[in-house]
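Participant: Supplied structure: final-v9.txt, compact mmCIF, N, CA and C atoms and all ligand atoms.
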```txt
# COMPACT_ATOMS: atom_id res chain seq x y z
N MET A 22 149.72 66.80 115.32
CA MET A 22 148.50 67.48 114.92
C MET A 22 147.32 66.52 115.03
N ALA A 23 146.22 67.02 115.55
CA ALA A 23 145.05 66.16 115.77
C ALA A 23 144.37 65.82 114.45
N ASP A 24 143.81 64.65 114.42
CA ASP A 24 143.07 64.21 113.24
C ASP A 24 141.73 64.95 113.19
N ILE A 25 141.38 65.51 112.03
CA ILE A 25 140.15 66.31 111.91
C ILE A 25 138.90 65.46 112.16
N ARG A 26 138.96 64.17 111.82
CA ARG A 26 137.79 63.30 112.07
C ARG A 26 137.55 63.14 113.56
N ASP A 27 138.64 63.10 114.32
CA ASP A 27 138.49 63.00 115.77
C ASP A 27 137.89 64.27 116.35
N TYR A 28 138.22 65.42 115.76
CA TYR A 28 137.70 66.69 116.25
C TYR A 28 136.17 66.67 116.26
N TYR A 29 135.57 66.24 115.16
CA TYR A 29 134.11 66.23 115.10
C TYR A 29 133.51 65.09 115.93
N ARG A 30 134.19 63.99 115.97
CA ARG A 30 133.66 62.84 116.72
C ARG A 30 133.66 63.12 118.22
N LYS A 31 134.67 63.84 118.70
CA LYS A 31 134.78 64.08 120.14
C LYS A 31 134.13 65.39 120.58
N ASN A 32 133.70 66.19 119.63
CA ASN A 32 133.11 67.49 119.97
C ASN A 32 131.60 67.33 120.19
N PHE A 33 131.19 67.25 121.43
CA PHE A 33 129.78 66.98 121.74
C PHE A 33 128.89 68.19 121.49
N LEU A 34 129.46 69.39 121.54
CA LEU A 34 128.67 70.58 121.21
C LEU A 34 128.28 70.55 119.73
N TYR A 35 129.24 70.21 118.89
CA TYR A 35 128.96 70.12 117.46
C TYR A 35 127.90 69.07 117.18
N GLU A 36 127.96 67.97 117.89
CA GLU A 36 127.07 66.85 117.66
C GLU A 36 125.60 67.23 117.91
N SER A 37 125.37 68.15 118.85
CA SER A 37 123.99 68.48 119.20
C SER A 37 123.38 69.56 118.31
N HIS A 38 124.12 70.06 117.37
CA HIS A 38 123.60 71.10 116.49
C HIS A 38 123.37 70.58 115.09
N ARG A 39 122.34 71.09 114.47
CA ARG A 39 122.07 70.71 113.08
C ARG A 39 122.34 71.90 112.19
N LEU A 40 122.92 71.63 111.06
CA LEU A 40 123.16 72.68 110.09
C LEU A 40 121.95 72.79 109.17
N MET A 41 121.56 74.01 108.86
CA MET A 41 120.37 74.22 108.05
C MET A 41 120.64 75.32 107.03
N LEU A 42 120.27 75.08 105.80
CA LEU A 42 120.42 76.12 104.79
C LEU A 42 119.46 77.26 105.09
N PRO A 43 119.87 78.52 104.86
CA PRO A 43 119.02 79.66 105.22
C PRO A 43 117.64 79.62 104.58
N GLU A 44 117.55 79.19 103.33
CA GLU A 44 116.25 79.17 102.66
C GLU A 44 115.32 78.08 103.20
N LEU A 45 115.88 77.12 103.92
CA LEU A 45 115.04 76.07 104.51
C LEU A 45 114.37 76.53 105.79
N ARG A 46 114.93 77.54 106.43
CA ARG A 46 114.42 77.96 107.73
C ARG A 46 112.94 78.30 107.68
N GLU A 47 112.50 79.02 106.66
CA GLU A 47 111.11 79.45 106.57
C GLU A 47 110.17 78.25 106.51
N LYS A 48 110.60 77.21 105.85
CA LYS A 48 109.75 76.03 105.74
C LYS A 48 109.74 75.25 107.06
N VAL A 49 110.84 75.25 107.77
CA VAL A 49 110.93 74.45 108.99
C VAL A 49 110.19 75.11 110.15
N VAL A 50 110.22 76.43 110.24
CA VAL A 50 109.62 77.09 111.40
C VAL A 50 108.12 77.33 111.23
N HIS A 51 107.56 77.16 110.04
CA HIS A 51 106.14 77.43 109.84
C HIS A 51 105.31 76.16 109.80
N THR A 52 104.03 76.34 109.98
CA THR A 52 103.09 75.22 109.88
C THR A 52 102.15 75.48 108.70
N CYS A 53 101.39 74.47 108.34
CA CYS A 53 100.45 74.58 107.22
C CYS A 53 99.48 75.75 107.40
N SER A 54 99.08 76.01 108.63
CA SER A 54 98.06 77.04 108.86
C SER A 54 98.53 78.43 108.44
N ARG A 55 99.83 78.63 108.27
CA ARG A 55 100.36 79.93 107.84
C ARG A 55 100.65 79.97 106.34
N CYS A 56 100.32 78.90 105.66
CA CYS A 56 100.63 78.79 104.24
C CYS A 56 99.47 79.32 103.40
N LYS A 57 99.78 79.94 102.30
CA LYS A 57 98.71 80.50 101.46
C LYS A 57 97.92 79.41 100.74
N PHE A 58 98.46 78.20 100.69
CA PHE A 58 97.75 77.09 100.05
C PHE A 58 96.82 76.36 101.02
N PHE A 59 96.84 76.73 102.28
CA PHE A 59 96.01 76.05 103.27
C PHE A 59 94.55 76.49 103.11
N ILE A 60 93.66 75.54 102.85
CA ILE A 60 92.25 75.86 102.62
C ILE A 60 91.36 74.99 103.50
N THR A 61 90.10 75.38 103.55
CA THR A 61 89.10 74.54 104.21
C THR A 61 88.19 73.99 103.12
N VAL A 62 88.07 72.69 103.07
CA VAL A 62 87.20 72.04 102.08
C VAL A 62 85.87 71.75 102.78
N VAL A 63 84.83 72.40 102.26
CA VAL A 63 83.53 72.32 102.91
C VAL A 63 82.66 71.29 102.20
N GLY A 64 82.27 70.26 102.92
CA GLY A 64 81.39 69.23 102.37
C GLY A 64 79.97 69.42 102.86
N ARG A 65 79.14 68.40 102.64
CA ARG A 65 77.74 68.49 103.06
C ARG A 65 77.60 68.49 104.58
N SER A 66 78.38 67.62 105.24
CA SER A 66 78.21 67.49 106.69
C SER A 66 79.44 67.90 107.51
N GLU A 67 80.58 68.11 106.86
CA GLU A 67 81.77 68.50 107.63
C GLU A 67 82.70 69.36 106.78
N ALA A 68 83.61 70.03 107.47
CA ALA A 68 84.65 70.84 106.81
C ALA A 68 86.00 70.32 107.26
N ARG A 69 86.88 70.09 106.29
CA ARG A 69 88.20 69.54 106.63
C ARG A 69 89.30 70.39 106.00
N PRO A 70 90.49 70.41 106.63
CA PRO A 70 91.60 71.17 106.05
C PRO A 70 92.14 70.49 104.79
N GLY A 71 92.63 71.29 103.88
CA GLY A 71 93.17 70.74 102.64
C GLY A 71 94.31 71.60 102.11
N CYS A 72 94.96 71.10 101.08
CA CYS A 72 96.10 71.78 100.48
C CYS A 72 95.79 72.15 99.03
N ALA A 73 95.74 73.44 98.74
CA ALA A 73 95.42 73.91 97.38
C ALA A 73 96.60 73.77 96.43
N ALA A 74 97.79 73.49 96.95
CA ALA A 74 98.95 73.31 96.08
C ALA A 74 98.80 72.06 95.21
N LEU A 75 97.87 71.19 95.60
CA LEU A 75 97.64 69.97 94.82
C LEU A 75 96.51 70.14 93.82
N ILE A 76 95.95 71.35 93.75
CA ILE A 76 94.91 71.64 92.76
C ILE A 76 95.57 72.43 91.63
N PRO A 77 95.61 71.89 90.41
CA PRO A 77 96.40 72.52 89.34
C PRO A 77 96.11 74.01 89.13
N GLN A 78 94.85 74.44 89.18
CA GLN A 78 94.55 75.84 88.88
C GLN A 78 95.08 76.81 89.94
N TYR A 79 95.33 76.32 91.16
CA TYR A 79 95.88 77.18 92.21
C TYR A 79 97.38 76.96 92.41
N ALA A 80 97.86 75.79 92.00
CA ALA A 80 99.28 75.47 92.22
C ALA A 80 100.20 76.39 91.44
N ARG A 81 99.74 76.86 90.28
CA ARG A 81 100.60 77.73 89.47
C ARG A 81 100.61 79.15 89.99
N THR A 82 99.88 79.39 91.06
CA THR A 82 99.80 80.70 91.73
C THR A 82 99.27 81.80 90.81
N ALA A 83 98.66 81.43 89.70
CA ALA A 83 98.08 82.44 88.82
C ALA A 83 96.79 82.99 89.43
N ARG A 84 96.06 82.15 90.14
CA ARG A 84 94.80 82.58 90.75
C ARG A 84 94.97 82.69 92.25
N ARG A 85 94.26 83.63 92.84
CA ARG A 85 94.28 83.78 94.30
C ARG A 85 93.63 82.55 94.93
N VAL A 86 94.22 82.04 95.99
CA VAL A 86 93.69 80.86 96.65
C VAL A 86 92.61 81.29 97.65
N PRO A 87 91.37 80.81 97.48
CA PRO A 87 90.32 81.20 98.43
C PRO A 87 90.50 80.47 99.76
N GLU A 88 89.85 80.98 100.82
CA GLU A 88 89.97 80.32 102.12
C GLU A 88 89.17 79.02 102.17
N LYS A 89 88.02 79.00 101.46
CA LYS A 89 87.17 77.81 101.48
C LYS A 89 86.86 77.38 100.06
N LEU A 90 86.80 76.06 99.87
CA LEU A 90 86.41 75.51 98.58
C LEU A 90 85.34 74.45 98.81
N ASP A 91 84.45 74.32 97.85
CA ASP A 91 83.37 73.35 97.95
C ASP A 91 83.88 71.95 97.58
N ALA A 92 83.60 70.98 98.43
CA ALA A 92 84.07 69.61 98.19
C ALA A 92 83.49 69.03 96.91
N ALA A 93 82.22 69.33 96.61
CA ALA A 93 81.59 68.79 95.40
C ALA A 93 82.26 69.33 94.15
N GLU A 94 82.63 70.60 94.18
CA GLU A 94 83.32 71.21 93.04
C GLU A 94 84.70 70.56 92.83
N LEU A 95 85.42 70.35 93.94
CA LEU A 95 86.74 69.69 93.85
C LEU A 95 86.61 68.26 93.36
N LEU A 96 85.56 67.59 93.81
CA LEU A 96 85.33 66.20 93.37
C LEU A 96 85.10 66.17 91.87
N ARG A 97 84.38 67.14 91.35
CA ARG A 97 84.11 67.22 89.91
C ARG A 97 85.39 67.49 89.11
N VAL A 98 86.22 68.40 89.64
CA VAL A 98 87.44 68.80 88.92
C VAL A 98 88.57 67.76 89.06
N LEU A 99 88.77 67.25 90.28
CA LEU A 99 89.93 66.40 90.56
C LEU A 99 89.63 64.91 90.57
N GLY A 100 88.39 64.56 90.78
CA GLY A 100 88.06 63.15 90.95
C GLY A 100 88.25 62.73 92.39
N ARG A 101 87.87 61.48 92.68
CA ARG A 101 87.92 60.99 94.06
C ARG A 101 89.36 60.94 94.60
N ASP A 102 90.28 60.40 93.79
CA ASP A 102 91.67 60.30 94.26
C ASP A 102 92.30 61.67 94.49
N GLY A 103 92.02 62.60 93.59
CA GLY A 103 92.57 63.95 93.73
C GLY A 103 92.05 64.63 94.98
N LEU A 104 90.75 64.47 95.26
CA LEU A 104 90.18 65.07 96.47
C LEU A 104 90.81 64.45 97.71
N GLU A 105 91.00 63.15 97.70
CA GLU A 105 91.63 62.49 98.86
C GLU A 105 93.04 63.01 99.08
N ARG A 106 93.77 63.25 97.98
CA ARG A 106 95.14 63.78 98.12
C ARG A 106 95.11 65.19 98.70
N VAL A 107 94.16 66.01 98.25
CA VAL A 107 94.06 67.38 98.76
C VAL A 107 93.75 67.36 100.26
N LEU A 108 92.87 66.46 100.68
CA LEU A 108 92.49 66.40 102.10
C LEU A 108 93.59 65.80 102.96
N ALA A 109 94.40 64.92 102.39
CA ALA A 109 95.46 64.28 103.18
C ALA A 109 96.71 65.15 103.26
N GLY A 110 96.82 66.15 102.42
CA GLY A 110 98.07 66.90 102.31
C GLY A 110 98.35 67.90 103.41
N ALA A 111 97.32 68.40 104.07
CA ALA A 111 97.56 69.49 105.02
C ALA A 111 96.83 69.26 106.34
N ALA A 112 97.42 69.78 107.39
CA ALA A 112 96.79 69.81 108.72
C ALA A 112 97.29 71.09 109.38
N PRO A 113 96.46 71.75 110.18
CA PRO A 113 96.83 73.07 110.71
C PRO A 113 98.16 73.10 111.46
N HIS A 114 98.49 72.04 112.19
CA HIS A 114 99.71 72.08 113.00
C HIS A 114 100.84 71.27 112.39
N ARG A 115 100.66 70.80 111.16
CA ARG A 115 101.71 70.02 110.50
C ARG A 115 102.83 70.95 110.04
N GLN A 116 104.05 70.47 110.12
CA GLN A 116 105.19 71.26 109.65
C GLN A 116 105.06 71.51 108.15
N ALA A 117 105.39 72.72 107.74
CA ALA A 117 105.24 73.11 106.34
C ALA A 117 106.09 72.22 105.43
N CYS A 118 105.56 72.02 104.22
CA CYS A 118 106.30 71.19 103.25
C CYS A 118 107.14 72.10 102.34
N GLY A 119 107.74 71.51 101.34
CA GLY A 119 108.60 72.26 100.43
C GLY A 119 107.85 73.26 99.54
N LEU A 120 106.52 73.14 99.46
CA LEU A 120 105.73 74.05 98.63
C LEU A 120 105.24 75.27 99.41
N PHE A 121 105.62 75.36 100.67
CA PHE A 121 105.13 76.45 101.54
C PHE A 121 105.39 77.83 100.94
N GLN A 122 104.35 78.66 101.02
CA GLN A 122 104.49 80.08 100.67
C GLN A 122 103.70 80.86 101.71
N PRO A 123 104.31 81.87 102.31
CA PRO A 123 103.62 82.62 103.37
C PRO A 123 102.42 83.37 102.81
N ARG A 124 101.39 83.51 103.67
CA ARG A 124 100.20 84.27 103.27
C ARG A 124 100.57 85.74 103.11
N ALA A 125 99.93 86.37 102.16
CA ALA A 125 100.21 87.80 101.91
C ALA A 125 99.58 88.68 102.99
S1 LIG B 1 101.06 70.85 102.66
FE1 LIG B 1 102.60 72.38 102.06
S2 LIG B 1 101.68 73.59 100.42
FE2 LIG B 1 100.03 72.45 101.44
S3 LIG B 1 99.22 73.87 102.98
FE3 LIG B 1 100.80 72.64 103.99
S4 LIG B 1 102.68 73.82 103.77
FE4 LIG B 1 101.21 74.66 102.31
```
The structure given in the file should be rewritten as structure tokens.
Ligand code: SF4

Facilitator:
Amino acid sequence: MADIRDYYRKNFLYESHRLMLPELREKVVHTCSRCKFFITVVGRSEARPGCAALIPQYARTARRVPEKLDAAELLRVLGRDGLERVLAGAAPHRQACGLFQPRA
């Protein structure tokens, strides 16, 4: 009888496939731009993508996430470090993270 470890080691078809839990699929196939937490942070001279999941009042999903938020307002609520985290968290073509939720 063949050793089961050899079966997987010598099976090249098995080697090229990845196993994925069904609930992970939605996060892997989507990008930030399809997430309900994806926002545009509008500043004085530019607008940048951001992640509302890092803003406490929207993270709990109690309030509807708007498409655009004012950078000055976020700076007042979150502080400089919090705003930097919001701006660094999302990009339109970045693979969705574990907090992904599809837009309604
Ligand atoms: S970083 Fe995660 S939670 Fe934020 S917009 Fe992207 S997928 Fe959504």

Participant: A:Pro77, A:Gly119, A:Gly100, A:Pro87: which is nearest A:Phe59, counting all atoms listed in the file?

Facilitator: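 The answer is A:Pro87, which sits nearest to A:Phe59.
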
Participant: Step by step, measure atom-to-atom distances between ligand LIG 1 (chain B) and each residue using only N, CA and C atoms and all ligand atoms, keep those at most 6.5 Å, then write them as a PDB file with N, CA and C atoms, in the frame of the given file.

Facilitator:
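Heads up, here's the output in result23.pdb:
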```pdb
ATOM      1  N   THR A  52     104.030  76.340 109.980  1.00  0.00           N
ATOM      2  CA  THR A  52     103.090  75.220 109.880  1.00  0.00           C
ATOM      3  C   THR A  52     102.150  75.480 108.700  1.00  0.00           C
ATOM      4  N   CYS A  53     101.390  74.470 108.340  1.00  0.00           N
ATOM      5  CA  CYS A  53     100.450  74.580 107.220  1.00  0.00           C
ATOM      6  C   CYS A  53      99.480  75.750 107.400  1.00  0.00           C
ATOM      7  N   SER A  54      99.080  76.010 108.630  1.00  0.00           N
ATOM      8  CA  SER A  54      98.060  77.040 108.860  1.00  0.00           C
ATOM      9  C   SER A  54      98.530  78.430 108.440  1.00  0.00           C
ATOM     10  N   CYS A  56     100.320  78.900 105.660  1.00  0.00           N
ATOM     11  CA  CYS A  56     100.630  78.790 104.240  1.00  0.00           C
ATOM     12  C   CYS A  56      99.470  79.320 103.400  1.00  0.00           C
ATOM     13  N   LYS A  57      99.780  79.940 102.300  1.00  0.00           N
ATOM     14  CA  LYS A  57      98.710  80.500 101.460  1.00  0.00           C
ATOM     15  C   LYS A  57      97.920  79.410 100.740  1.00  0.00           C
ATOM     16  N   PHE A  58      98.460  78.200 100.690  1.00  0.00           N
ATOM     17  CA  PHE A  58      97.750  77.090 100.050  1.00  0.00           C
ATOM     18  C   PHE A  58      96.820  76.360 101.020  1.00  0.00           C
ATOM     19  N   PHE A  59      96.840  76.730 102.280  1.00  0.00           N
ATOM     20  CA  PHE A  59      96.010  76.050 103.270  1.00  0.00           C
ATOM     21  C   PHE A  59      94.550  76.490 103.110  1.00  0.00           C
ATOM     22  N   ILE A  60      93.660  75.540 102.850  1.00  0.00           N
ATOM     23  CA  ILE A  60      92.250  75.860 102.620  1.00  0.00           C
ATOM     24  C   ILE A  60      91.360  74.990 103.500  1.00  0.00           C
ATOM     25  N   GLY A  71      92.630  71.290 103.880  1.00  0.00           N
ATOM     26  CA  GLY A  71      93.170  70.740 102.640  1.00  0.00           C
ATOM     27  C   GLY A  71      94.310  71.600 102.110  1.00  0.00           C
ATOM     28  N   CYS A  72      94.960  71.100 101.080  1.00  0.00           N
ATOM     29  CA  CYS A  72      96.100  71.780 100.480  1.00  0.00           C
ATOM     30  C   CYS A  72      95.790  72.150  99.030  1.00  0.00           C
ATOM     31  N   ALA A  73      95.740  73.440  98.740  1.00  0.00           N
ATOM     32  CA  ALA A  73      95.420  73.910  97.380  1.00  0.00           C
ATOM     33  C   ALA A  73      96.600  73.770  96.430  1.00  0.00           C
ATOM     34  N   ALA A  74      97.790  73.490  96.950  1.00  0.00           N
ATOM     35  CA  ALA A  74      98.950  73.310  96.080  1.00  0.00           C
ATOM     36  C   ALA A  74      98.800  72.060  95.210  1.00  0.00           C
ATOM     37  N   LEU A  75      97.870  71.190  95.600  1.00  0.00           N
ATOM     38  CA  LEU A  75      97.640  69.970  94.820  1.00  0.00           C
ATOM     39  C   LEU A  75      96.510  70.140  93.820  1.00  0.00           C
ATOM     40  N   GLY A 110      96.820  66.150 102.420  1.00  0.00           N
ATOM     41  CA  GLY A 110      98.070  66.900 102.310  1.00  0.00           C
ATOM     42  C   GLY A 110      98.350  67.900 103.410  1.00  0.00           C
ATOM     43  N   ALA A 111      97.320  68.400 104.070  1.00  0.00           N
ATOM     44  CA  ALA A 111      97.560  69.490 105.020  1.00  0.00           C
ATOM     45  C   ALA A 111      96.830  69.260 106.340  1.00  0.00           C
ATOM     46  N   ALA A 112      97.420  69.780 107.390  1.00  0.00           N
ATOM     47  CA  ALA A 112      96.790  69.810 108.720  1.00  0.00           C
ATOM     48  C   ALA A 112      97.290  71.090 109.380  1.00  0.00           C
ATOM     49  N   GLN A 116     104.050  70.470 110.120  1.00  0.00           N
ATOM     50  CA  GLN A 116     105.190  71.260 109.650  1.00  0.00           C
ATOM     51  C   GLN A 116     105.060  71.510 108.150  1.00  0.00           C
ATOM     52  N   ALA A 117     105.390  72.720 107.740  1.00  0.00           N
ATOM     53  CA  ALA A 117     105.240  73.110 106.340  1.00  0.00           C
ATOM     54  C   ALA A 117     106.090  72.220 105.430  1.00  0.00           C
ATOM     55  N   CYS A 118     105.560  72.020 104.220  1.00  0.00           N
ATOM     56  CA  CYS A 118     106.300  71.190 103.250  1.00  0.00           C
ATOM     57  C   CYS A 118     107.140  72.100 102.340  1.00  0.00           C
ATOM     58  N   GLY A 119     107.740  71.510 101.340  1.00  0.00           N
ATOM     59  CA  GLY A 119     108.600  72.260 100.430  1.00  0.00           C
ATOM     60  C   GLY A 119     107.850  73.260  99.540  1.00  0.00           C
ATOM     61  N   LEU A 120     106.520  73.140  99.460  1.00  0.00           N
ATOM     62  CA  LEU A 120     105.730  74.050  98.630  1.00  0.00           C
ATOM     63  C   LEU A 120     105.240  75.270  99.410  1.00  0.00           C
ATOM     64  N   PHE A 121     105.620  75.360 100.670  1.00  0.00           N
ATOM     65  CA  PHE A 121     105.130  76.450 101.540  1.00  0.00           C
ATOM     66  C   PHE A 121     105.390  77.830 100.940  1.00  0.00           C
ATOM     67  N   GLN A 122     104.350  78.660 101.020  1.00  0.00           N
ATOM     68  CA  GLN A 122     104.490  80.080 100.670  1.00  0.00           C
ATOM     69  C   GLN A 122     103.700  80.860 101.710  1.00  0.00           C
TER      70      GLN A 122
END
```

Participant: Edge lengths and centre, in Å to one decimal, as JSON: that's what I need for the box along x, y and z that holds all listed atoms of stretch 58-66 of chain A plus 5 Å on each side.

Facilitator:
```
{"center_x": 88.0, "center_y": 72.8, "center_z": 103.8, "size_x": 30.9, "size_y": 20.7, "size_z": 17.5}
```

Participant: Can you work out the spacing between atom CA of A:Arg81 and atom CA of A:Leu45 in Å, to one decimal?

Facilitator: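 So the answer is 20.9 Å.
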
Participant: Out of A:Arg84, A:Lys31, A:Arg69, A:Arg46, which residue has the shortest atom-to-atom distance to A:Leu104 when counting only C-alpha atoms?

Facilitator: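 Smallest separation from A:Leu104 among the options: A:Arg69.
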
Participant: How would you write, as JSON, numbers by chain, the set of residues in chain A that DSSP gives as strand (DSSP E)?

Facilitator: {"A": [59, 60, 61, 62, 63, 68, 69, 70, 71, 72, 89, 90, 91]}

Participant: Taking N, CA and C atoms for each residue, export the selection above as a PDB file, in the frame of the given file.

Facilitator:
```
ATOM      1  N   PHE A  59      96.840  76.730 102.280  1.00  0.00           N
ATOM      2  CA  PHE A  59      96.010  76.050 103.270  1.00  0.00           C
ATOM      3  C   PHE A  59      94.550  76.490 103.110  1.00  0.00           C
ATOM      4  N   ILE A  60      93.660  75.540 102.850  1.00  0.00           N
ATOM      5  CA  ILE A  60      92.250  75.860 102.620  1.00  0.00           C
ATOM      6  C   ILE A  60      91.360  74.990 103.500  1.00  0.00           C
ATOM      7  N   THR A  61      90.100  75.380 103.550  1.00  0.00           N
ATOM      8  CA  THR A  61      89.100  74.540 104.210  1.00  0.00           C
ATOM      9  C   THR A  61      88.190  73.990 103.120  1.00  0.00           C
ATOM     10  N   VAL A  62      88.070  72.690 103.070  1.00  0.00           N
ATOM     11  CA  VAL A  62      87.200  72.040 102.080  1.00  0.00           C
ATOM     12  C   VAL A  62      85.870  71.750 102.780  1.00  0.00           C
ATOM     13  N   VAL A  63      84.830  72.400 102.260  1.00  0.00           N
ATOM     14  CA  VAL A  63      83.530  72.320 102.910  1.00  0.00           C
ATOM     15  C   VAL A  63      82.660  71.290 102.200  1.00  0.00           C
ATOM     16  N   ALA A  68      83.610  70.030 107.470  1.00  0.00           N
ATOM     17  CA  ALA A  68      84.650  70.840 106.810  1.00  0.00           C
ATOM     18  C   ALA A  68      86.000  70.320 107.260  1.00  0.00           C
ATOM     19  N   ARG A  69      86.880  70.090 106.290  1.00  0.00           N
ATOM     20  CA  ARG A  69      88.200  69.540 106.630  1.00  0.00           C
ATOM     21  C   ARG A  69      89.300  70.390 106.000  1.00  0.00           C
ATOM     22  N   PRO A  70      90.490  70.410 106.630  1.00  0.00           N
ATOM     23  CA  PRO A  70      91.600  71.170 106.050  1.00  0.00           C
ATOM     24  C   PRO A  70      92.140  70.490 104.790  1.00  0.00           C
ATOM     25  N   GLY A  71      92.630  71.290 103.880  1.00  0.00           N
ATOM     26  CA  GLY A  71      93.170  70.740 102.640  1.00  0.00           C
ATOM     27  C   GLY A  71      94.310  71.600 102.110  1.00  0.00           C
ATOM     28  N   CYS A  72      94.960  71.100 101.080  1.00  0.00           N
ATOM     29  CA  CYS A  72      96.100  71.780 100.480  1.00  0.00           C
ATOM     30  C   CYS A  72      95.790  72.150  99.030  1.00  0.00           C
ATOM     31  N   LYS A  89      88.020  79.000 101.460  1.00  0.00           N
ATOM     32  CA  LYS A  89      87.170  77.810 101.480  1.00  0.00           C
ATOM     33  C   LYS A  89      86.860  77.380 100.060  1.00  0.00           C
ATOM     34  N   LEU A  90      86.800  76.060  99.870  1.00  0.00           N
ATOM     35  CA  LEU A  90      86.410  75.510  98.580  1.00  0.00           C
ATOM     36  C   LEU A  90      85.340  74.450  98.810  1.00  0.00           C
ATOM     37  N   ASP A  91      84.450  74.320  97.850  1.00  0.00           N
ATOM     38  CA  ASP A  91      83.370  73.350  97.950  1.00  0.00           C
ATOM     39  C   ASP A  91      83.880  71.950  97.580  1.00  0.00           C
TER      40      ASP A  91
END
```
